[in-house]
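Colleague: Got a structure for you, written out below as structure tokens; questions coming shortly.
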Amino acid sequence: MITETSCPTASFALLARAKAVLRAAELLLPILTRGERIDARCLRLTMQTAFGASDAEGSWDWKTAYEACEVASVLFLAKYGPAMIKASHGMPSAMLPMIAKIAALLPSHTRRSLESQSFQQFSTPLPLALAVAAAGQITSADRVLEPSAGTGSLAVFAELAGGSLLLNELAASRAALLDLVFAGLIVTRLDAAQIDDHLNAALVPSVVLMNPPFSATANVDRPLADTTLRHLSSALARLGDGGRLVAITAAGFAPENPTWTDAFVCLQERGRLVFSAAIDGAVYARQGTTTATRLLVIDKQPALDPRVFPQSAGMAPDVRTLLSWITALVPPRLPMGGRFVARVDMRAGLRPKDQGALASSCSSPSPMSFEPAGSELAYELVDDAPTEGPRLIDALYEAYQLQSIRIPSAQPHPTKLVQSAAMASVAPPKPAYRPHLLPALIADGVLSDAQLESIIYAGEAHAGFLAGLWTVDETFDQVRAASEDAEGAVRFRRGWFLGDGTGAGKGRQVAGILLDNWLKGRRRAIWVSKSDKLIEDAQRDWAALGMERLLVTPLSRFRQGTPIRLDQAILFTTYATLRTDEKAEKLSRVRQIVDWVGRDFDGVIIFDESHAMQNAAGNKGDRGEQAASQQGRAGLRLQHALPNARIVYVSATGATTVHNLAYAQRLGLWGGADFPFATRADFVAAIEEGGVAAMEVMARDLKALG
């Protein structure tokens with residue numbers, strides 16, 4: 001069972017730590033074999049031997065020491081478990097005293113680390129793990145998924161029962177350790193709350209054993225009440241028809257609790273609850289907590305009446321009582337429905353996306369990290385393309401088509417796109433920029449020719465900078481022209497405006513721009529929109545390009561004033577959130593974002609529905625001076641603070657009046673040699689004087705500039 005294999009791309013530090021923990025466990029194994037108790041002195045000496053240093057030197061902590069003990073018990077069961085099963089005639093009740101004796105030799109977890117508390121890393125006690133496996137009624141025909149595998153205490157009982165294993169663990173250090181302990185398996189590093197979204201569709205378990213965190217969620221800095229429900233729902237969705245799910249939850253997570261009744265009704269529409277029993281907190285006392293828990297058993301078959309639940313067996317004071325209830329009350333397993341393969345080659349079974357996830361997530365806490373194989377988009381430059389086919393309405397609208405480039409492998413847009421005859425009379429410049437994209441997206445028409453053109457011209461615009469040098473004050477509000485030798489002077493990268501109307505698929509275009517930059521190594525981006533509900537659309541469009549939807553992560557997961565703990569992500573926020581100013585010692589939301597990406601950030605900032613930033617610079621109206629909007633000012637601050645960022649403004653409306661274009665600072669409409677207006681006021685005055693005709697001329701000029 002034990003080899004020196006590991007996650008192939010785990011960082012050296014993680015791999016070294018995992019090997020040291022395994023060495024410690026192997027040193028502890030003979031002590032357990034002799035039936036001797038592992039006390040604090042023994043454990044300290046063992047850890048110092050394995051790590052070559054003391055805990056005072058920071059090489060290891062007591063959480064790591066307790067993990068070594070847990071691994072030692074897993075090694076013990078792997079070695080002696082078959083003999084114990086034989087001696088107990090396969091009866092869990094007869095095996096329980098043996099398991100309890102081993103558990104009693106392990107030290108109590110009296111010292112907790114911040115990580116174990118924050119992420120609720122309370123491993124399943126060995127006697128309770130035996131009971132969980134017994135409730136699963138596992139045989140050699142089963143494929144067993146453990147979504148939060150920890151140090152393997154549940155997995156080893158599933159393996160002893162003959163089941164093949166699918167192990168997942170988000171914590172990089174524990175996953176690296178599992179790689180060593182369970183040889184021949186690739187341990188996936190996925191967020192178990194979305195295990196069904198992440199895992200290869202071919203990997204369908206017949207049994208799920210799980211001990212999910214009760215309220216801790218990946219990349220969220222505060223407890224969430226529905227964490228268990230998320231984990232349970234995703235695991236149940238992944239479970240094969242007729243399969244069984246056995247879960248340890250908080251005692252209060254029960255159908256008779258009015259808070260969760262409706263949730264259990266929804267669960268029973270897919271899987272029938274067949275057993276529920278609370279467990280006294282004393283069972284977990286040696287693991288460092290006395291929280292009461294609950295054992296749930298769900299069979300993957302819709303309940304006849306989702307609102308009818310089995311009566312709870314009560315509160316088990318110990319595992320012996322719980323095991324007797326399981327034996328008496330848990331029904332036999334259902335037959336598995338559909339095609340099912342118990343054994344699977346995990347390395348061959350993973351799709352390319354998941355293989356990449358394994359490679360990079362060993363050292364990354366992001367929801368999912370992988371390296372899709374992108375390639376440079378090939379296209380040809382052409383002279384202004386002749387109009388193909390009749391005009392829709394002569395002299396008013398024409399069918400839209402690419403004018404300056406041709407993309408041989410691209411598919412036409414699925415719906416008819418049109419543009420005004422005036423706009424059609426102007427061809428965009430011939431670009432030089434070559435985006436990186438996934439070839440299948442082009443060949444399959446996921447991104448149409450018109451959408452690909454947008455990605456090309458966005459990259460072309462972002463390749464240049466606006467004229468002039470500028471200084472930005474510490475508030476990010478004041479921007480002043482500066483000389484070449486001015487200290488702290490910056491140049492602003494040119495932005496790009498996506499003004500397509502309904503039907504063009506702006507969300508897909510935005511996702512394509514983000515993907516291009518992602519494949520070029522810019523793994524942090526910012527997506528600002530009008531409503532927090534629009535994150536679902538953003539995640540949908542990102543996932544449509546073959547990417548992990550959960551990489552689009554809401555800023556609301558991080559409280560104001562706390563660091564954003566994401567290695568790579570598309571941070572989604574709203575204009576309303578962005579405008580939140582500094583409060584007491586809490587940084588403003590803008591500064592919180594700036595601290596995350598850094599002042600030299602050269603990734604993408606999407607201002608979706610950018611007209612929400614209208615009146616960013618104030619205005620003179622019929623009723624006098626109108627103060628600048630807070631949303632507009634926040635948007636400008638973000639642009640000022642990150643001069644190297646690649647800005648994309650997205651709006652079919654743009655602005656209702658020319659005054660409201662003040663937010664579009666990166667288009668070069670004023671303030672430099674890029675456009676014939678020295679100031680924004682000059683620009684506004686000239687366009688207002690020219691009326692609608694001037695606005696149309698400006699739109700044509702912007703198209704001509706790309």
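Ordered as shown in the structure tokens, chains take letters A, B, and onward, while each chain numbers its residues from 1 and ligands are numbered from 1 in the order shown.
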Show me, as a list in words, the residues that have an atom within 9 Å of A:Pro302 when counting only C-alpha atoms, minus same-chain residues fewer than 4 positions from it.
Modeller: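 Residues near the query, excluding close chain neighbours: Leu267, Gln268, Glu269, Arg270, Gly271, Arg272 and Pro306 of chain A.
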Colleague: Quick one: residues within 9 Å of A:Val156, only C-alpha atoms, excluding same-chain residues fewer than 6 positions away - as a list in words?
Modeller: Val74, Leu75, Leu77, Ala78 and Phe182 of chain A
Colleague: Kindly indicate which residue among A:Leu447, A:Pro97, A:Lys79, A:Leu178 lies nearest to A:Leu22, using only C-alpha atoms for the distances.
Modeller: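 Checking each candidate against A:Leu22, we get A:Leu178 as the closest.
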Colleague: Using DSSP secondary structure from the backbone, list all helix (DSSP H, G or I) positions within stretch 265-339 of chain A, as a list in words.
Modeller: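 Taking stretch 265-339 of chain A and keeping helix (DSSP H, G or I) only, one gets Val265, Cys266, Leu267, Gln268, Gly281, Ala282, Val283, Tyr284, Ala285, Arg286, Gln287, Val319, Arg320, Thr321, Leu322, Leu323, Ser324, Trp325, Ile326, Thr327, Ala328 and Leu329 of chain A.
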Colleague: Based on the backbone DSSP call, show me all residues of stretch 280-320 of chain A assigned strand (DSSP E or B), as a PyMOL selection string.
Modeller: chain A and resi 293-299+315-316
